[in-house]
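Next comes my_file_17.cif, with mmCIF, C-alpha atoms and all ligand atoms.
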data_run
loop_
_atom_site.label_atom_id
_atom_site.label_comp_id
_atom_site.auth_asym_id
_atom_site.auth_seq_id
_atom_site.Cartn_x
_atom_site.Cartn_y
_atom_site.Cartn_z
CA MET C 1 82.70 76.95 98.07
CA SER C 2 80.06 78.88 100.08
CA MET C 3 81.08 81.81 102.25
CA VAL C 4 80.48 79.76 105.40
CA ASP C 5 82.56 76.81 104.17
CA ASP C 6 85.34 79.22 103.25
CA ILE C 7 85.23 80.87 106.70
CA ARG C 8 85.27 77.50 108.47
CA LYS C 9 88.29 76.45 106.42
CA LYS C 10 90.11 79.66 107.32
CA ALA C 11 89.20 79.27 111.02
CA ARG C 12 90.70 75.75 111.09
CA ALA C 13 93.97 76.96 109.58
CA ASP C 14 94.98 78.99 112.66
CA VAL C 15 92.92 77.91 115.67
CA LYS C 16 91.89 80.73 118.03
CA THR C 17 90.42 80.69 121.54
CA ILE C 18 86.87 82.03 121.62
CA VAL C 19 85.03 82.63 124.88
CA LEU C 20 81.29 81.92 125.13
CA PRO C 21 79.94 83.74 128.21
CA GLU C 22 76.55 82.01 127.96
CA GLY C 23 78.20 78.70 128.85
CA ASP C 24 75.17 77.07 130.47
CA GLU C 25 72.84 77.80 127.55
CA PRO C 26 71.86 74.55 125.77
CA ARG C 27 72.45 75.73 122.14
CA THR C 28 75.82 77.17 123.18
CA ILE C 29 76.82 73.86 124.80
CA GLN C 30 75.87 71.92 121.66
CA ALA C 31 77.74 74.44 119.49
CA ALA C 32 80.86 74.21 121.70
CA TYR C 33 81.06 70.47 121.06
CA THR C 34 81.07 70.91 117.25
CA ILE C 35 83.41 73.92 117.41
CA LYS C 36 85.92 71.80 119.34
CA THR C 37 85.53 68.54 117.42
CA ASP C 38 85.57 70.32 114.02
CA GLY C 39 88.71 72.22 115.04
CA LEU C 40 87.10 75.61 114.34
CA ALA C 41 88.29 77.15 117.62
CA ASN C 42 89.09 76.35 121.24
CA PRO C 43 85.80 77.24 122.90
CA VAL C 44 85.75 78.38 126.54
CA LEU C 45 82.41 78.09 128.33
CA LEU C 46 81.74 80.47 131.22
CA GLY C 47 79.32 79.70 134.04
CA ASN C 48 78.63 77.36 136.90
CA SER C 49 80.35 74.08 136.05
CA ALA C 50 77.68 71.90 137.72
CA LYS C 51 74.92 73.67 135.75
CA ILE C 52 76.91 73.34 132.51
CA ALA C 53 77.49 69.62 133.15
CA GLU C 54 73.78 69.15 133.89
CA GLU C 55 72.71 70.89 130.65
CA ALA C 56 75.32 68.94 128.67
CA ALA C 57 74.03 65.65 130.09
CA LYS C 58 70.45 66.57 129.13
CA LYS C 59 71.60 67.09 125.53
CA ASN C 60 73.93 64.11 125.64
CA VAL C 61 76.91 66.31 124.79
CA ASP C 62 80.45 65.26 125.69
CA LEU C 63 82.35 68.32 126.91
CA SER C 64 85.69 66.59 127.54
CA GLY C 65 88.58 68.76 126.38
CA ILE C 66 86.51 71.96 126.56
CA THR C 67 87.60 74.58 129.08
CA ILE C 68 84.92 75.61 131.57
CA ILE C 69 85.48 78.60 133.85
CA ASP C 70 83.26 79.82 136.67
CA PRO C 71 84.01 83.53 137.17
CA ILE C 72 82.87 83.25 140.80
CA ASP C 73 85.84 81.09 141.82
CA SER C 74 88.31 81.78 139.03
CA PRO C 75 91.90 82.43 140.18
CA LYS C 76 92.17 85.08 137.42
CA ALA C 77 89.22 87.13 138.70
CA LYS C 78 91.45 89.23 141.00
CA ASP C 79 93.76 90.28 138.14
CA TYR C 80 90.83 91.05 135.87
CA ALA C 81 89.16 93.15 138.57
CA LYS C 82 92.40 95.07 139.12
CA GLU C 83 92.73 95.84 135.41
CA LEU C 84 89.04 96.68 135.05
CA TYR C 85 89.35 99.13 137.95
CA GLU C 86 92.39 100.78 136.32
CA LEU C 87 90.53 101.11 133.00
CA ARG C 88 87.31 102.52 134.46
CA LYS C 89 88.30 104.35 137.66
CA THR C 90 88.01 107.74 135.96
CA LYS C 91 84.42 106.79 135.09
CA GLY C 92 83.55 106.26 138.75
CA VAL C 93 84.12 102.48 139.01
CA THR C 94 85.49 101.58 142.47
CA GLU C 95 87.69 98.56 143.31
CA GLU C 96 84.66 96.96 144.95
CA ASP C 97 82.54 97.57 141.81
CA ALA C 98 85.24 95.99 139.64
CA GLU C 99 85.38 92.87 141.84
CA LYS C 100 81.61 92.48 141.50
CA LEU C 101 81.60 93.17 137.77
CA VAL C 102 84.10 90.42 136.93
CA GLN C 103 81.82 87.87 138.60
CA ASP C 104 79.40 88.57 135.77
CA VAL C 105 80.02 86.20 132.85
CA MET C 106 79.88 89.01 130.28
CA TYR C 107 82.42 91.25 132.00
CA TYR C 108 84.61 88.25 132.79
CA GLY C 109 84.54 87.19 129.12
CA ILE C 110 85.32 90.69 127.90
CA MET C 111 88.25 90.88 130.36
CA MET C 112 89.56 87.51 129.09
CA VAL C 113 89.70 89.02 125.61
CA LYS C 114 91.13 92.30 126.88
CA MET C 115 93.91 90.48 128.81
CA GLY C 116 94.75 88.15 125.90
CA ASP C 117 93.40 84.98 127.57
CA ALA C 118 90.91 84.64 124.70
CA ASP C 119 91.13 85.92 121.13
CA GLY C 120 87.45 86.78 120.75
CA LEU C 121 83.99 86.48 122.26
CA VAL C 122 80.54 85.43 121.02
CA SER C 123 77.30 85.97 122.95
CA GLY C 124 73.68 86.90 122.40
CA ALA C 125 71.70 83.65 122.66
CA VAL C 126 70.46 85.07 125.98
CA HIS C 127 71.87 88.58 126.37
CA THR C 128 70.93 91.65 124.29
CA THR C 129 73.28 93.43 121.86
CA GLY C 130 73.73 96.23 124.39
CA ASP C 131 74.62 93.81 127.25
CA MET C 132 77.71 92.71 125.33
CA LEU C 133 78.47 95.84 123.36
CA ARG C 134 78.57 98.23 126.31
CA PRO C 135 81.39 96.42 128.21
CA ALA C 136 83.17 95.73 124.92
CA LEU C 137 83.12 99.44 124.04
CA GLN C 138 84.18 100.42 127.54
CA LEU C 139 87.02 97.93 127.96
CA ILE C 140 88.24 96.53 124.63
CA LYS C 141 87.74 99.86 122.83
CA THR C 142 88.34 100.55 119.16
CA LYS C 143 91.14 99.59 116.79
CA PRO C 144 93.88 102.19 116.34
CA GLY C 145 92.73 104.83 113.85
CA ILE C 146 89.05 103.86 114.21
CA LYS C 147 86.75 105.80 116.53
CA VAL C 148 83.50 104.01 115.83
CA VAL C 149 82.36 100.45 116.40
CA SER C 150 79.72 99.44 113.88
CA SER C 151 78.49 96.31 112.12
CA SER C 152 78.53 94.72 108.70
CA PHE C 153 76.03 92.26 107.34
CA LEU C 154 77.54 89.81 104.88
CA MET C 155 74.80 89.13 102.36
CA ASP C 156 75.14 86.00 100.23
CA CYS C 157 72.64 86.67 97.42
CA PRO C 158 71.21 84.05 95.05
CA ASN C 159 71.93 86.42 92.11
CA LYS C 160 75.65 85.77 91.59
CA LYS C 161 75.92 88.74 89.21
CA LEU C 162 75.56 91.13 92.13
CA GLY C 163 78.60 92.45 94.01
CA HIS C 164 81.42 89.92 94.40
CA ASN C 165 79.93 86.66 93.05
CA GLY C 166 76.70 87.45 94.88
CA LEU C 167 78.40 88.67 98.06
CA LEU C 168 77.51 92.14 99.31
CA VAL C 169 78.60 93.82 102.55
CA TYR C 170 75.98 96.11 104.16
CA ALA C 171 76.86 98.59 106.93
CA ASP C 172 75.78 99.69 109.47
CA CYS C 173 72.69 97.65 110.30
CA VAL C 174 73.02 97.22 114.11
CA VAL C 175 74.97 99.79 116.11
CA MET C 176 74.92 103.49 115.20
CA PRO C 177 71.37 104.89 115.01
CA ASN C 178 72.24 108.20 113.36
CA PRO C 179 75.93 108.50 112.44
CA THR C 180 77.50 111.87 111.70
CA ALA C 181 79.29 112.35 108.37
CA GLU C 182 82.62 111.53 110.05
CA GLU C 183 81.18 108.39 111.68
CA LEU C 184 79.62 107.32 108.38
CA ALA C 185 83.02 107.69 106.70
CA GLN C 186 84.58 105.47 109.38
CA ILE C 187 81.81 102.89 108.93
CA GLY C 188 82.72 102.81 105.21
CA VAL C 189 86.41 102.22 105.91
CA SER C 190 85.65 99.49 108.49
CA ALA C 191 83.19 97.74 106.16
CA ALA C 192 85.81 97.65 103.40
CA ASP C 193 88.20 96.03 105.87
CA THR C 194 85.52 93.46 106.79
CA ALA C 195 84.94 92.74 103.09
CA LYS C 196 88.65 91.97 102.68
CA THR C 197 89.09 89.93 105.87
CA LEU C 198 85.90 87.89 105.86
CA CYS C 199 84.63 87.83 102.27
CA GLY C 200 87.94 87.61 100.40
CA ILE C 201 87.00 90.74 98.43
CA GLU C 202 90.46 91.95 97.55
CA GLU C 203 89.30 95.21 95.98
CA PRO C 204 86.27 96.50 97.83
CA LYS C 205 84.13 98.98 95.88
CA VAL C 206 82.36 101.08 98.47
CA ALA C 207 79.12 102.95 97.63
CA PHE C 208 77.71 105.52 100.06
CA LEU C 209 73.96 105.26 99.54
CA SER C 210 71.32 107.95 99.44
CA PHE C 211 68.04 108.80 97.73
CA SER C 212 70.14 111.05 95.46
CA THR C 213 72.86 110.22 92.92
CA LYS C 214 75.66 112.75 92.42
CA GLY C 215 73.62 115.80 93.42
CA SER C 216 70.37 114.81 91.70
CA ALA C 217 68.53 115.93 94.87
CA LYS C 218 69.41 118.65 97.36
CA HIS C 219 68.68 118.06 101.05
CA GLU C 220 70.59 118.13 104.32
CA LEU C 221 70.39 114.31 104.45
CA VAL C 222 72.12 114.15 101.05
CA SER C 223 74.73 116.70 102.15
CA LYS C 224 75.63 114.43 105.10
CA VAL C 225 76.40 111.53 102.75
CA GLN C 226 78.39 113.79 100.39
CA GLU C 227 80.45 114.99 103.37
CA ALA C 228 81.00 111.38 104.49
CA VAL C 229 82.40 110.54 101.03
CA ARG C 230 84.78 113.50 101.22
CA ILE C 231 86.02 112.43 104.67
CA ALA C 232 86.31 108.76 103.66
CA HIS C 233 88.59 109.77 100.75
CA GLU C 234 90.83 111.53 103.29
CA LEU C 235 90.78 108.60 105.72
CA ALA C 236 91.51 105.95 103.08
CA PRO C 237 92.96 107.56 99.94
CA ASP C 238 93.63 104.18 98.29
CA LEU C 239 90.15 102.78 98.85
CA CYS C 240 87.84 102.62 95.82
CA LEU C 241 84.76 104.50 97.10
CA ASP C 242 82.15 106.85 95.74
CA GLY C 243 78.79 108.47 96.42
CA GLU C 244 76.34 109.70 97.10
CA MET C 245 74.37 107.28 94.96
CA GLN C 246 71.07 105.41 94.88
CA PHE C 247 70.88 101.68 95.50
CA ASP C 248 70.20 100.87 91.82
CA ALA C 249 73.00 103.14 90.62
CA ALA C 250 75.36 101.27 92.97
CA LEU C 251 74.42 97.80 91.74
CA VAL C 252 73.11 97.91 88.18
CA PRO C 253 75.85 98.64 85.61
CA GLU C 254 73.56 100.37 83.05
CA ILE C 255 71.95 102.58 85.70
CA GLY C 256 75.32 103.33 87.29
CA ALA C 257 76.72 104.32 83.87
CA SER C 258 73.85 106.67 83.16
CA LYS C 259 73.36 108.23 86.62
CA ALA C 260 77.01 108.34 87.80
CA LYS C 261 79.05 108.43 84.61
CA GLY C 262 82.75 107.81 85.20
CA SER C 263 82.29 106.52 88.76
CA PRO C 264 84.73 103.70 89.63
CA VAL C 265 82.06 102.17 91.88
CA ALA C 266 78.62 102.75 90.35
CA GLY C 267 77.12 99.57 88.93
CA TYR C 268 79.75 97.34 90.52
CA ALA C 269 79.61 98.13 94.25
CA ASN C 270 80.23 95.24 96.66
CA VAL C 271 80.16 97.28 99.91
CA LEU C 272 77.04 99.35 100.55
CA ILE C 273 77.03 102.04 103.25
CA PHE C 274 73.56 103.04 104.43
CA PRO C 275 73.02 106.61 105.65
CA ASP C 276 71.57 105.57 109.02
CA LEU C 277 70.49 102.56 111.06
CA GLN C 278 66.85 102.67 109.96
CA ALA C 279 67.87 102.40 106.29
CA GLY C 280 70.54 99.75 106.99
CA ASN C 281 68.40 97.55 109.19
CA ILE C 282 65.40 97.71 106.84
CA GLY C 283 67.67 97.20 103.81
CA TYR C 284 69.27 94.01 105.06
CA LYS C 285 65.92 92.52 106.05
CA ILE C 286 64.45 93.26 102.59
CA THR C 287 67.46 91.61 100.96
CA GLN C 288 67.10 88.60 103.26
CA ARG C 289 63.31 88.16 103.21
CA ILE C 290 62.42 89.22 99.67
CA GLY C 291 65.76 88.75 97.95
CA GLY C 292 66.43 85.34 99.51
CA ALA C 293 69.97 86.23 100.68
CA GLU C 294 71.66 84.36 103.51
CA CYS C 295 73.09 86.85 105.97
CA PHE C 296 75.72 86.92 108.70
CA ALA C 297 76.33 89.82 111.06
CA VAL C 298 79.69 90.86 112.47
CA LEU C 299 80.84 93.78 114.58
CA GLN C 300 83.74 95.79 113.22
CA GLY C 301 86.06 98.43 114.62
CA LEU C 302 86.72 96.78 118.02
CA ALA C 303 90.39 96.26 118.88
CA LYS C 304 89.60 92.57 119.37
CA PRO C 305 86.59 90.76 117.89
CA CYS C 306 83.34 90.29 119.83
CA ASN C 307 80.19 89.25 118.03
CA ASP C 308 76.53 89.20 118.80
CA LEU C 309 73.90 86.53 118.07
CA SER C 310 70.19 86.92 117.73
CA ARG C 311 68.29 85.43 120.68
CA GLY C 312 66.48 83.16 118.24
CA CYS C 313 69.79 81.79 116.93
CA SER C 314 70.31 78.14 116.03
CA VAL C 315 73.24 75.94 117.07
CA GLU C 316 74.53 76.35 113.51
CA ASP C 317 74.39 80.17 113.82
CA ILE C 318 76.56 80.00 116.96
CA ILE C 319 79.10 77.73 115.27
CA ASN C 320 79.31 80.02 112.23
CA THR C 321 79.59 83.18 114.32
CA VAL C 322 82.45 81.60 116.27
CA ALA C 323 84.17 80.77 112.96
CA PHE C 324 83.74 84.38 111.73
CA THR C 325 85.07 85.69 115.05
CA ALA C 326 88.08 83.37 114.88
CA VAL C 327 88.92 84.62 111.37
CA GLN C 328 88.56 88.24 112.51
CA ALA C 329 90.93 87.39 115.39
CA GLN C 330 93.49 86.01 112.91
CA GLY C 331 93.56 89.48 111.31
CA ALA C 332 93.61 91.44 114.60
CA LYS C 333 96.94 93.11 115.29
C1 LIG H 1 76.18 100.77 121.47
C2 LIG H 1 75.37 100.91 122.73
C3 LIG H 1 75.50 99.63 123.55
C4 LIG H 1 75.93 102.05 123.57
O1 LIG H 1 75.23 102.03 124.78
P1 LIG H 1 75.06 103.33 125.70
O2 LIG H 1 74.40 102.96 126.96
O3 LIG H 1 74.45 104.39 124.88
O4 LIG H 1 76.53 103.57 126.04
P2 LIG H 1 77.24 104.95 126.25
O5 LIG H 1 76.77 105.99 125.29
O6 LIG H 1 77.18 105.25 127.70
O7 LIG H 1 78.72 104.55 125.86
C5 LIG H 1 79.51 103.63 126.59
C6 LIG H 1 80.91 103.79 126.07
O8 LIG H 1 80.98 103.30 124.73
C7 LIG H 1 81.43 104.32 123.84
N1 LIG H 1 80.66 104.15 122.61
C8 LIG H 1 79.31 104.17 122.48
N2 LIG H 1 78.99 103.86 121.19
C9 LIG H 1 80.17 103.65 120.54
C10 LIG H 1 80.51 103.28 119.21
N3 LIG H 1 79.59 103.01 118.28
N4 LIG H 1 81.81 103.14 118.89
C11 LIG H 1 82.79 103.34 119.81
N5 LIG H 1 82.53 103.69 121.09
C12 LIG H 1 81.22 103.84 121.45
C13 LIG H 1 81.14 105.63 124.56
O9 LIG H 1 82.03 106.62 124.11
C14 LIG H 1 81.36 105.24 126.00
O10 LIG H 1 82.74 105.20 126.28
P3 LIG H 1 83.24 105.65 127.75
O11 LIG H 1 82.30 105.05 128.76
O12 LIG H 1 84.64 105.08 127.82
O13 LIG H 1 83.18 107.14 127.75
C15 LIG H 1 73.90 101.25 122.40
O14 LIG H 1 73.88 102.33 121.53
C16 LIG H 1 73.19 100.09 121.77
O15 LIG H 1 72.61 99.28 122.49
N6 LIG H 1 73.20 100.01 120.43
C17 LIG H 1 72.53 98.95 119.73
C18 LIG H 1 71.36 99.52 119.04
C19 LIG H 1 70.38 98.45 118.80
O16 LIG H 1 69.63 98.09 119.68
N7 LIG H 1 70.38 97.96 117.57
C20 LIG H 1 69.43 97.02 117.12
C21 LIG H 1 70.02 95.65 117.08
S1 LIG H 1 69.26 94.74 115.79
#
Rewrite the structure from the file as structure tokens, please.
Ligand SMILES: CC(C)(COP(=O)(O)OP(=O)(O)OC[C@H]1O[C@@H](n2cnc3c(N)ncnc32)[C@H](O)[C@@H]1OP(=O)(O)O)[C@@H](O)C(=O)NCCC(=O)NCCS
Amino acid sequence: MSMVDDIRKKARADVKTIVLPEGDEPRTIQAAYTIKTDGLANPVLLGNSAKIAEEAAKKNVDLSGITIIDPIDSPKAKDYAKELYELRKTKGVTEEDAEKLVQDVMYYGIMMVKMGDADGLVSGAVHTTGDMLRPALQLIKTKPGIKVVSSSFLMDCPNKKLGHNGLLVYADCVVMPNPTAEELAQIGVSAADTAKTLCGIEEPKVAFLSFSTKGSAKHELVSKVQEAVRIAHELAPDLCLDGEMQFDAALVPEIGASKAKGSPVAGYANVLIFPDLQAGNIGYKITQRIGGAECFAVLQGLAKPCNDLSRGCSVEDIINTVAFTAVQAQGAK
């Protein structure tokens, strides 16, 4: 079974409510229909109901049974504004600001998740990563014990000898441009959690990547990764992790055995932690474009799941991201 089929099956087993703030966007409307009829989640579309109905009619989509909420006249808006004000008043947000903010579909959707009226949120067909991430960071905040929100890319590689039957988790490829050693350690712990929850990797093997393997080069960039490994061991003593190591030492058993003798990870890593966002973002695109891997992005470390789409996303991408979000929500405490 492919990773996507597996995720869809898991999503159907315990149906969650996922809010889609871009409710009047045609691909989102088409996706909502399949999400509902396939039983992947209860989708909630946000936006002007007349505009949503008009777009649905153009696409010949039947939205019966799907909840549509217009933040402008929602009876919950007052409660959300009150809570938003309480959460952000020390940051200079006034009661008036809060009332205005919750009329925005993104803030309204984030507050639905915050208040438990939805289990997760998916956006990005129209909005940028930052448009969603900023309110999510400000209001939903991080999981207990985690200080950093980051991302994992789930790479389904054609070479099934790599990682876990061809599955590799790459982090961070979206959020943290230049993480400190402590932040990098947290990214490693979160990515291992993502590997367990979403990829069914029961024993993640986490490699902290560098251009050096076990002290083969000396540079402040290498020292940062070595420090991250030390901190990650403290944060998650039971997690199988190691580094610093080069990409080939992490993945190729013979190279791992020669460059990092005795490492429990080298040669068999299934979770790869890149030293910064430039490396991570370039690395996942090389794996996708040259390596032919299918990839799926998720955010990790938020107290409740919110995920981002690319603006060029397909209807299928939206459906799959909702399924991933629903499965993350099943695991959220
Ligand atoms: C994450 C991002 C939205 C933060 O935006 P920002 O304007 O710099 O936000 P701020 O620094 O003002 O932070 C806002 C809040 O989020 C918190 N925060 C910022 N980044 C965080 C992170 N990674 N994890 C946890 N909290 C974070 C801040 O502490 C702050 O909290 P506070 O307001 O309660 O004090 C921004 O860095 C971003 O857009 N990242 C994406 C990078 C990108 O474009 N990637 C390419 C995509 S392919």
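One finds CA of Val315 in chain C at 23.2 Å from atom C17 of ligand LIG 1 (chain H).
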Write out as a list in words the residues lying within 9 Å of range 84-91 of chain C, counting all atoms listed in the file and excluding same-chain residues fewer than 5 positions away. Asp79, Glu96, Asp97, Ala98, Glu99, Leu101, Val102, Met111, Gln138 and Leu139 of chain C
Shell around Arg27 in chain C at 12 Å using all atoms listed in the file, local window under 4 positions removed, as a ChimeraX atom specification: /C:20,22-23,31-34,45,52,55-56,58-59,61,123-126,309,311-319
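Inspection of the environment of ligand LIG 1 (chain H), which uses only C-alpha atoms and all ligand atoms and a cut-off of 6 Å, identifies the neighbouring residues as C:Thr129, C:Gly130, C:Leu133, C:Arg134, C:Leu137, C:Gln138, C:Lys147, C:Val148, C:Val149, C:Ser150, C:Val174, C:Val175, C:Met176.
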Taking only residues of range 55-123 of chain C that have an atom at most 12 Å from an atom of range 5-15 of chain C, what is each one's shortest atom pair and its distance in Å to one decimal, using only C-alpha atoms, in chain and number order, as a Markdown table?
| residue | atom | partner | partner_atom | distance |
| --- | --- | --- | --- | --- |
| C:Ala118 | CA | C:Val15 | CA | 11.4 |
| C:Asp119 | CA | C:Val15 | CA | 9.9 |
| C:Gly120 | CA | C:Val15 | CA | 11.6 |
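Using all atoms listed in the file, the smallest distance between any of C:Val271, C:Cys157, C:Ala207, C:Val122 and Ala250 in chain C comes from C:Ala207.
Distance check against Ala326 in chain C using all atoms listed in the file: of C:Ala171, C:Leu121, C:Ile231, C:Val113, the minimum falls on C:Leu121.
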